[in-house]
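Trainee: Next comes start-v9.cif, mmCIF, C-alpha atoms and all ligand atoms:
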```cif
data_final
#
loop_
_atom_site.group_PDB
_atom_site.id
_atom_site.type_symbol
_atom_site.label_atom_id
_atom_site.label_comp_id
_atom_site.auth_asym_id
_atom_site.auth_seq_id
_atom_site.Cartn_x
_atom_site.Cartn_y
_atom_site.Cartn_z
ATOM 1 C CA MET A 1422 -17.562 -29.259 49.195
ATOM 2 C CA PRO A 1423 -20.620 -30.040 51.366
ATOM 3 C CA ILE A 1424 -19.908 -29.712 55.062
ATOM 4 C CA ASN A 1425 -20.438 -32.807 57.186
ATOM 5 C CA LYS A 1426 -21.010 -32.324 60.881
ATOM 6 C CA PRO A 1427 -21.831 -35.762 62.285
ATOM 7 C CA ALA A 1428 -22.851 -35.839 65.935
ATOM 8 C CA ASP A 1429 -19.889 -36.455 68.212
ATOM 9 C CA ALA A 1430 -21.909 -39.175 69.934
ATOM 10 C CA LYS A 1431 -20.783 -41.259 72.887
ATOM 11 C CA TYR A 1432 -23.147 -44.110 71.963
ATOM 12 C CA LYS A 1433 -24.162 -45.760 68.690
ATOM 13 C CA LEU A 1434 -26.572 -43.718 66.561
ATOM 14 C CA ASN A 1435 -28.748 -44.320 63.517
ATOM 15 C CA THR A 1436 -26.890 -42.875 60.507
ATOM 16 C CA LEU A 1437 -29.562 -40.304 59.602
ATOM 17 C CA ILE A 1438 -29.739 -39.019 63.171
ATOM 18 C CA LYS A 1439 -25.955 -38.867 63.339
ATOM 19 C CA ASN A 1440 -25.640 -36.887 60.110
ATOM 20 C CA ARG A 1441 -28.577 -34.473 60.437
ATOM 21 C CA TRP A 1442 -27.652 -30.871 61.075
ATOM 22 C CA SER A 1443 -29.060 -27.463 60.178
ATOM 23 C CA PRO A 1444 -27.134 -25.783 57.360
ATOM 24 C CA ARG A 1445 -27.900 -22.257 56.198
ATOM 25 C CA ALA A 1446 -26.296 -22.494 52.749
ATOM 26 C CA PHE A 1447 -28.314 -24.285 50.090
ATOM 27 C CA GLU A 1448 -27.484 -25.132 46.503
ATOM 28 C CA ASN A 1449 -29.516 -23.403 43.800
ATOM 29 C CA LYS A 1450 -31.145 -26.667 42.731
ATOM 30 C CA SER A 1451 -34.849 -27.353 42.796
ATOM 31 C CA VAL A 1452 -36.412 -30.255 44.705
ATOM 32 C CA ASP A 1453 -38.689 -32.635 42.763
ATOM 33 C CA ASN A 1454 -42.277 -32.767 43.979
ATOM 34 C CA GLU A 1455 -42.011 -36.555 44.180
ATOM 35 C CA ILE A 1456 -39.146 -36.196 46.667
ATOM 36 C CA LEU A 1457 -40.836 -33.370 48.557
ATOM 37 C CA ASN A 1458 -43.932 -35.514 48.897
ATOM 38 C CA SER A 1459 -41.854 -38.321 50.368
ATOM 39 C CA LEU A 1460 -40.928 -35.918 53.192
ATOM 40 C CA PHE A 1461 -44.601 -35.084 53.772
ATOM 41 C CA GLU A 1462 -45.357 -38.816 53.677
ATOM 42 C CA ALA A 1463 -42.819 -39.304 56.493
ATOM 43 C CA ALA A 1464 -44.519 -36.544 58.498
ATOM 44 C CA ARG A 1465 -47.887 -38.142 57.784
ATOM 45 C CA TRP A 1466 -46.880 -41.379 59.482
ATOM 46 C CA ALA A 1467 -45.755 -39.798 62.742
ATOM 47 C CA ALA A 1468 -47.365 -40.910 65.988
ATOM 48 C CA SER A 1469 -49.786 -38.472 67.614
ATOM 49 C CA CYS A 1470 -52.108 -38.375 70.607
ATOM 50 C CA ASN A 1471 -55.345 -40.174 69.642
ATOM 51 C CA ASN A 1472 -54.037 -40.198 66.066
ATOM 52 C CA SER A 1473 -55.116 -36.549 65.944
ATOM 53 C CA GLN A 1474 -52.435 -35.644 63.334
ATOM 54 C CA PRO A 1475 -52.436 -31.926 64.201
ATOM 55 C CA TRP A 1476 -49.493 -30.939 61.980
ATOM 56 C CA ARG A 1477 -50.130 -28.397 59.222
ATOM 57 C CA PHE A 1478 -47.592 -27.297 56.597
ATOM 58 C CA ILE A 1479 -47.349 -24.273 54.306
ATOM 59 C CA VAL A 1480 -44.838 -24.704 51.491
ATOM 60 C CA ALA A 1481 -43.361 -22.493 48.760
ATOM 61 C CA LYS A 1482 -40.883 -23.370 45.998
ATOM 62 C CA LYS A 1483 -38.446 -20.948 44.401
ATOM 63 C CA GLU A 1484 -39.680 -21.821 40.898
ATOM 64 C CA ASN A 1485 -42.966 -20.136 41.879
ATOM 65 C CA PRO A 1486 -41.519 -16.660 42.553
ATOM 66 C CA LYS A 1487 -44.736 -15.040 43.813
ATOM 67 C CA GLU A 1488 -45.418 -17.790 46.346
ATOM 68 C CA TYR A 1489 -41.771 -17.871 47.365
ATOM 69 C CA ALA A 1490 -41.551 -14.098 47.905
ATOM 70 C CA LYS A 1491 -44.694 -14.183 50.032
ATOM 71 C CA ALA A 1492 -43.262 -16.943 52.262
ATOM 72 C CA LEU A 1493 -39.817 -15.344 52.503
ATOM 73 C CA SER A 1494 -41.351 -12.033 53.595
ATOM 74 C CA CYS A 1495 -42.765 -13.888 56.628
ATOM 75 C CA PHE A 1496 -39.277 -14.799 57.944
ATOM 76 C CA ASN A 1497 -37.606 -12.213 60.174
ATOM 77 C CA GLU A 1498 -34.892 -10.059 58.624
ATOM 78 C CA ASN A 1499 -31.929 -12.116 59.852
ATOM 79 C CA ASN A 1500 -33.410 -15.458 58.905
ATOM 80 C CA GLN A 1501 -34.270 -14.135 55.420
ATOM 81 C CA LYS A 1502 -30.546 -13.637 54.779
ATOM 82 C CA TRP A 1503 -29.886 -17.376 54.701
ATOM 83 C CA ALA A 1504 -33.356 -18.852 54.122
ATOM 84 C CA SER A 1505 -33.373 -17.091 50.740
ATOM 85 C CA THR A 1506 -30.686 -19.514 49.512
ATOM 86 C CA ALA A 1507 -33.101 -22.467 49.879
ATOM 87 C CA PRO A 1508 -35.184 -23.781 46.964
ATOM 88 C CA VAL A 1509 -38.052 -24.644 49.334
ATOM 89 C CA ILE A 1510 -39.245 -22.695 52.362
ATOM 90 C CA GLY A 1511 -42.323 -22.953 54.493
ATOM 91 C CA PHE A 1512 -43.965 -23.040 57.875
ATOM 92 C CA VAL A 1513 -45.229 -25.694 60.218
ATOM 93 C CA GLY A 1514 -48.228 -25.208 62.443
ATOM 94 C CA ALA A 1515 -50.402 -27.249 64.779
ATOM 95 C CA TYR A 1516 -54.171 -27.641 65.065
ATOM 96 C CA GLN A 1517 -55.192 -27.122 68.680
ATOM 97 C CA LEU A 1518 -58.225 -29.401 68.930
ATOM 98 C CA MET A 1519 -58.771 -33.140 68.940
ATOM 99 C CA LEU A 1520 -61.790 -35.459 69.238
ATOM 100 C CA GLY A 1521 -63.953 -32.750 67.696
ATOM 101 C CA ASP A 1522 -63.744 -29.836 70.071
ATOM 102 C CA LYS A 1523 -61.401 -30.886 72.924
ATOM 103 C CA LYS A 1524 -58.248 -28.789 73.325
ATOM 104 C CA SER A 1525 -55.339 -31.168 72.856
ATOM 105 C CA ARG A 1526 -52.587 -31.103 75.490
ATOM 106 C CA THR A 1527 -50.051 -32.487 73.055
ATOM 107 C CA TYR A 1528 -50.589 -30.773 69.693
ATOM 108 C CA PHE A 1529 -47.170 -29.073 69.716
ATOM 109 C CA TYR A 1530 -45.489 -32.322 70.760
ATOM 110 C CA ASP A 1531 -47.285 -34.314 68.041
ATOM 111 C CA THR A 1532 -46.263 -31.737 65.454
ATOM 112 C CA GLY A 1533 -42.658 -31.959 66.630
ATOM 113 C CA MET A 1534 -42.839 -35.722 66.043
ATOM 114 C CA ALA A 1535 -43.966 -35.100 62.466
ATOM 115 C CA MET A 1536 -41.301 -32.464 61.873
ATOM 116 C CA SER A 1537 -38.628 -34.792 63.187
ATOM 117 C CA GLN A 1538 -39.691 -37.505 60.721
ATOM 118 C CA PHE A 1539 -39.832 -34.920 57.925
ATOM 119 C CA THR A 1540 -36.289 -33.843 58.755
ATOM 120 C CA LEU A 1541 -34.843 -37.346 58.880
ATOM 121 C CA GLN A 1542 -36.598 -38.485 55.695
ATOM 122 C CA ALA A 1543 -35.004 -35.464 53.985
ATOM 123 C CA LEU A 1544 -31.543 -36.854 54.657
ATOM 124 C CA GLU A 1545 -32.367 -40.014 52.795
ATOM 125 C CA HIS A 1546 -32.613 -37.782 49.682
ATOM 126 C CA ASN A 1547 -29.517 -35.773 50.607
ATOM 127 C CA LEU A 1548 -31.750 -32.866 51.592
ATOM 128 C CA TYR A 1549 -31.205 -30.790 54.723
ATOM 129 C CA ILE A 1550 -33.582 -28.651 56.753
ATOM 130 C CA HIS A 1551 -33.007 -25.557 58.849
ATOM 131 C CA GLN A 1552 -35.897 -24.576 61.083
ATOM 132 C CA ALA A 1553 -36.532 -21.004 62.135
ATOM 133 C CA GLY A 1554 -38.579 -19.839 65.094
ATOM 134 C CA GLY A 1555 -37.759 -16.297 63.955
ATOM 135 C CA VAL A 1556 -40.790 -15.766 61.735
ATOM 136 C CA LEU A 1557 -43.486 -13.089 61.647
ATOM 137 C CA LEU A 1558 -46.431 -14.917 63.185
ATOM 138 C CA ASP A 1559 -48.969 -12.108 62.726
ATOM 139 C CA GLU A 1560 -47.960 -11.707 59.100
ATOM 140 C CA ILE A 1561 -48.262 -15.463 58.427
ATOM 141 C CA LYS A 1562 -51.706 -15.476 60.010
ATOM 142 C CA ILE A 1563 -52.901 -12.691 57.714
ATOM 143 C CA GLN A 1564 -51.132 -13.744 54.522
ATOM 144 C CA TYR A 1565 -52.219 -17.387 54.705
ATOM 145 C CA GLU A 1566 -55.601 -16.878 56.407
ATOM 146 C CA VAL A 1567 -54.538 -19.214 59.213
ATOM 147 C CA PRO A 1568 -57.603 -20.222 61.279
ATOM 148 C CA ASP A 1569 -57.706 -19.218 64.977
ATOM 149 C CA ASP A 1570 -57.486 -22.857 66.064
ATOM 150 C CA VAL A 1571 -54.122 -23.368 64.317
ATOM 151 C CA ASP A 1572 -50.869 -22.121 65.896
ATOM 152 C CA ILE A 1573 -48.005 -21.478 63.510
ATOM 153 C CA ILE A 1574 -44.858 -22.702 65.281
ATOM 154 C CA CYS A 1575 -41.866 -22.426 63.045
ATOM 155 C CA GLY A 1576 -40.471 -21.700 59.602
ATOM 156 C CA PHE A 1577 -38.171 -24.017 57.697
ATOM 157 C CA ALA A 1578 -35.817 -23.887 54.748
ATOM 158 C CA LEU A 1579 -34.906 -27.016 52.837
ATOM 159 C CA GLY A 1580 -32.669 -28.027 49.996
ATOM 160 C CA TYR A 1581 -29.383 -29.594 48.949
ATOM 161 C CA GLN A 1582 -26.362 -28.272 50.777
ATOM 162 C CA GLY A 1583 -24.535 -25.289 49.298
ATOM 163 C CA GLU A 1584 -21.134 -23.725 49.902
ATOM 164 C CA ALA A 1585 -20.659 -21.714 53.103
ATOM 165 C CA ASP A 1586 -19.147 -18.798 51.177
ATOM 166 C CA ILE A 1587 -22.482 -17.949 49.504
ATOM 167 C CA LEU A 1588 -23.648 -16.722 52.936
ATOM 168 C CA PRO A 1589 -23.167 -13.223 54.335
ATOM 169 C CA GLU A 1590 -21.344 -12.640 57.653
ATOM 170 C CA PRO A 1591 -21.752 -14.001 60.329
ATOM 171 C CA TYR A 1592 -23.578 -16.981 58.819
ATOM 172 C CA ASN A 1593 -20.656 -18.105 56.644
ATOM 173 C CA GLU A 1594 -18.557 -18.629 59.794
ATOM 174 C CA ARG A 1595 -21.410 -20.171 61.786
ATOM 175 C CA GLU A 1596 -21.766 -22.777 59.046
ATOM 176 C CA LEU A 1597 -18.395 -24.201 60.109
ATOM 177 C CA GLN A 1598 -19.015 -24.083 63.867
ATOM 178 C CA GLU A 1599 -18.875 -27.270 65.890
ATOM 179 C CA ARG A 1600 -22.188 -28.808 67.000
ATOM 180 C CA VAL A 1601 -22.452 -29.215 70.770
ATOM 181 C CA ARG A 1602 -24.919 -30.844 73.154
ATOM 182 C CA ASN A 1603 -25.549 -31.197 76.880
ATOM 183 C CA PRO A 1604 -24.522 -34.552 78.389
ATOM 184 C CA ILE A 1605 -27.205 -37.252 78.868
ATOM 185 C CA GLU A 1606 -26.854 -36.948 82.692
ATOM 186 C CA ASP A 1607 -28.242 -33.397 82.465
ATOM 187 C CA PHE A 1608 -31.651 -34.470 81.174
ATOM 188 C CA VAL A 1609 -32.274 -38.041 82.338
ATOM 189 C CA PHE A 1610 -33.563 -38.506 85.901
ATOM 190 C CA THR A 1611 -34.451 -41.460 88.098
ATOM 191 C CA ASN A 1612 -35.795 -40.865 91.622
ATOM 192 C CA SER A 1613 -36.094 -37.110 91.485
ATOM 193 C CA PHE A 1614 -34.968 -34.054 89.565
ATOM 194 C CA ASN A 1615 -32.834 -33.476 92.638
ATOM 195 C CA LYS A 1616 -29.775 -35.564 91.774
ATOM 196 C CA ASP A 1617 -28.750 -35.813 95.480
ATOM 197 C CA LYS A 1618 -31.804 -37.922 96.367
HETATM 198 C C1 LIG B 1701 -37.971 -24.759 66.859
HETATM 199 C C2 LIG B 1701 -36.643 -24.283 66.303
HETATM 200 C C3 LIG B 1701 -36.445 -22.930 66.070
HETATM 201 C C4 LIG B 1701 -35.234 -22.488 65.503
HETATM 202 N N1 LIG B 1701 -35.100 -21.159 65.182
HETATM 203 C C5 LIG B 1701 -34.000 -20.741 64.507
HETATM 204 C C6 LIG B 1701 -33.922 -19.407 64.007
HETATM 205 O O1 LIG B 1701 -34.859 -18.595 64.143
HETATM 206 N N2 LIG B 1701 -32.791 -19.058 63.340
HETATM 207 C C7 LIG B 1701 -31.765 -19.918 63.137
HETATM 208 O O2 LIG B 1701 -30.777 -19.521 62.514
HETATM 209 N N3 LIG B 1701 -31.814 -21.211 63.575
HETATM 210 C C8 LIG B 1701 -32.916 -21.645 64.240
HETATM 211 N N4 LIG B 1701 -33.010 -22.952 64.659
HETATM 212 C C9 LIG B 1701 -31.903 -23.903 64.423
HETATM 213 C C10 LIG B 1701 -31.186 -24.233 65.733
HETATM 214 O O3 LIG B 1701 -30.402 -23.139 66.131
HETATM 215 C C11 LIG B 1701 -30.343 -25.516 65.552
HETATM 216 O O4 LIG B 1701 -31.220 -26.598 65.305
HETATM 217 C C12 LIG B 1701 -29.520 -25.810 66.820
HETATM 218 O O5 LIG B 1701 -28.537 -24.831 67.002
HETATM 219 C C13 LIG B 1701 -28.848 -27.164 66.769
HETATM 220 O O6 LIG B 1701 -28.061 -27.275 65.611
HETATM 221 P P1 LIG B 1701 -28.218 -28.531 64.619
HETATM 222 O O7 LIG B 1701 -29.675 -28.546 64.166
HETATM 223 O O8 LIG B 1701 -27.266 -28.244 63.476
HETATM 224 O O9 LIG B 1701 -27.882 -29.753 65.379
HETATM 225 C C14 LIG B 1701 -34.196 -23.415 65.217
HETATM 226 C C15 LIG B 1701 -34.417 -24.789 65.470
HETATM 227 C C16 LIG B 1701 -35.623 -25.221 65.991
HETATM 228 C C17 LIG B 1701 -35.854 -26.705 66.201
#
```
Please go through the file and, once you have read it, give me the structure as structure tokens.
Mentor:
Amino acid sequence: MPINKPADAKYKLNTLIKNRWSPRAFENKSVDNEILNSLFEAARWAASCNNSQPWRFIVAKKENPKEYAKALSCFNENNQKWASTAPVIGFVGAYQLMLGDKKSRTYFYDTGMAMSQFTLQALEHNLYIHQAGGVLLDEIKIQYEVPDDVDIICGFALGYQGEADILPEPYNERELQERVRNPIEDFVFTNSFNKDK
């Protein structure tokens, strides 16, 4: 049975936001290109500073074993243990420049906007995404000939949810762990970061 872990939210939430979480167990079922492209379409329409659209994606599907093995080898050892269950894996990066040659101050932020849309669009197709900062950046740079003005940020695994018991320890148990968050008061400020003022 797929695991549901809706946000234990104090206030009303959009259904996709409420239901999104990051599973590590994926079903062995391929994702249609039409559906995959709808996720990239969602990323495409993200807001960005000056409409600079700095997001860059690398993607590999399990049905292309050579491409998939190359991408998987760029995840760190621990992340490979669960990412290898996903039918689609890849990396997201950000182009540093905007307006020709100006270094953007917001290229990571803009790329996060795109990734967030990508992730939520996935849920509309019953697909889930698990991102992974634990990737081999130097290896990705070499393997994919990443230009110097693009920073690879993160890996991701995506697919339909699988059963927790396909995962090795400790990931099978982590799959069932409760999702927790800091309270709103911890990150929203008014007059000053100093709450006494
Ligand atoms: C930028 C980023 C890097 C992450 N890196 C890893 C990682 O290397 N390995 C991992 O297992 N999970 C990783 N995660 C997943 C987070 O641990 C997860 O999103 C967080 O615990 C909140 O859980 P939720 O997404 O289910 O709400 C990463 C998530 C993000 C956004």
Trainee: Could you report the residues within 9 Å of ligand LIG 1701 (chain B), using only C-alpha atoms and all ligand atoms, as a PyMOL selection string?
Mentor: chain A and resi 1426+1428+1441-1445+1496-1497+1499-1500+1503-1504+1533+1550-1556+1574-1577+1592+1596+1599-1602
Trainee: Within 6 Å of Phe1447 (chain A), counting all atoms listed in the file, which residues qualify if same-chain residues fewer than 6 places away don't, as a list in words?
Mentor: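 Residues near the query, excluding close chain neighbours: Thr1506, Ala1507, Gly1580, Tyr1581, Gln1582 and Gly1583 of chain A.
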Trainee: Point out the residue among A:Met1536, A:Cys1470, A:Ala1492, A:Ala1578 with the least atom-to-atom distance to Met1519 (chain A), counting all atoms listed in the file.
Mentor: A:Cys1470
Trainee: So which residues touch region 1473-1478 of chain A within 7 Å, counting only C-alpha atoms, skipping near sequence neighbours fewer than 5 positions away, as number ranges by chain?
Mentor: A: 1512-1516, 1519, 1528, 1531-1532, 1535
Trainee: Those residues you just picked out, can you put them in a file as a PDB file, keeping the file's coordinate frame with C-alpha atoms?
Mentor:
```
ATOM      1  CA  PHE A1512     -43.965 -23.040  57.875  1.00  0.00           C
ATOM      2  CA  VAL A1513     -45.229 -25.694  60.218  1.00  0.00           C
ATOM      3  CA  GLY A1514     -48.228 -25.208  62.443  1.00  0.00           C
ATOM      4  CA  ALA A1515     -50.402 -27.249  64.779  1.00  0.00           C
ATOM      5  CA  TYR A1516     -54.171 -27.641  65.065  1.00  0.00           C
ATOM      6  CA  MET A1519     -58.771 -33.140  68.940  1.00  0.00           C
ATOM      7  CA  TYR A1528     -50.589 -30.773  69.693  1.00  0.00           C
ATOM      8  CA  ASP A1531     -47.285 -34.314  68.041  1.00  0.00           C
ATOM      9  CA  THR A1532     -46.263 -31.737  65.454  1.00  0.00           C
ATOM     10  CA  ALA A1535     -43.966 -35.100  62.466  1.00  0.00           C
TER      11      ALA A1535
END
```
Trainee: Between A:Asn1485, A:Pro1423, A:Asn1471, A:Ala1430, which is the closest to Pro1604 (chain A) once you count all atoms listed in the file?
Mentor: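 Ranked by minimum distance to Pro1604 (chain A), first place goes to A:Ala1430.
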Trainee: Output, as lines of an AutoDock Vina configuration file, the centre and edge lengths in Å (one decimal) of the axis-aligned box that contains all listed atoms of region 1480-1491 of chain A with 8 Å of margin on each side.
Mentor:
```
center_x = -41.9
center_y = -19.4
center_z = 46.2
size_x = 23.0
size_y = 26.6
size_z = 26.6
```
Trainee: As a PyMOL selection string, please: the residues near Lys1483 (chain A) (cut-off 8 Å, all atoms listed in the file, same-chain neighbours under 5 positions excluded).
Mentor: chain A and resi 1451+1488-1489+1507-1509
Trainee: Under the rule that only C-alpha atoms are counted, which of A:Asn1472, A:Ser1494, A:Gln1517, A:Asn1440 is the nearest residue to Asp1570 (chain A)?
Mentor: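 For Asp1570 (chain A), the nearest of the given residues is A:Gln1517.
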Trainee: Of the candidates A:Lys1439, A:Ser1613, A:Leu1518, A:Ile1479, which shows the shortest atom-to-atom distance to Glu1566 (chain A), using all atoms listed in the file?
Mentor: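 Using all atoms listed in the file, the shortest distance to Glu1566 (chain A) belongs to A:Ile1479.
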Trainee: With only C-alpha atoms as the atoms that count, which of A:Arg1526, A:Lys1502, A:Lys1482, A:Arg1595 lies nearest to Val1452 (chain A)?
Mentor: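 The answer is A:Lys1482, which sits nearest to Val1452 (chain A).
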Trainee: How many Å separate CA of Met1422 (chain A) from CA of His1546 (chain A)?
Mentor: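 Interatomic distance, CA of Met1422 (chain A) to CA of His1546 (chain A): 17.3 Å.
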Trainee: Do you have the CA of Thr1527 (chain A)-CA of Gln1542 (chain A) distance handy?
Mentor: 22.8 Å
Trainee: Taking only C-alpha atoms into account, name the residue in A:Asp1572, A:Thr1436, A:Lys1450, A:Ile1424 that is nearest to Leu1544 (chain A).
Mentor: A:Thr1436
Trainee: Can you tell me how far CA of Tyr1549 (chain A) sits from CA of Ala1490 (chain A), in Å to one decimal?
Mentor: 20.8 Å
Trainee: Apply the PyMOL selection byres (((chain A and resi 1463) around 8) and not hetatm) to the structure shown and report the selected residues as a list in words.
Mentor: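 So the PyMOL selection byres (((chain A and resi 1463) around 8) and not hetatm) ends up selecting Ser1459, Leu1460, Phe1461, Glu1462, Ala1464, Arg1465, Trp1466, Ala1467, Ala1535, Gln1538, Phe1539 and Gln1542 of chain A.
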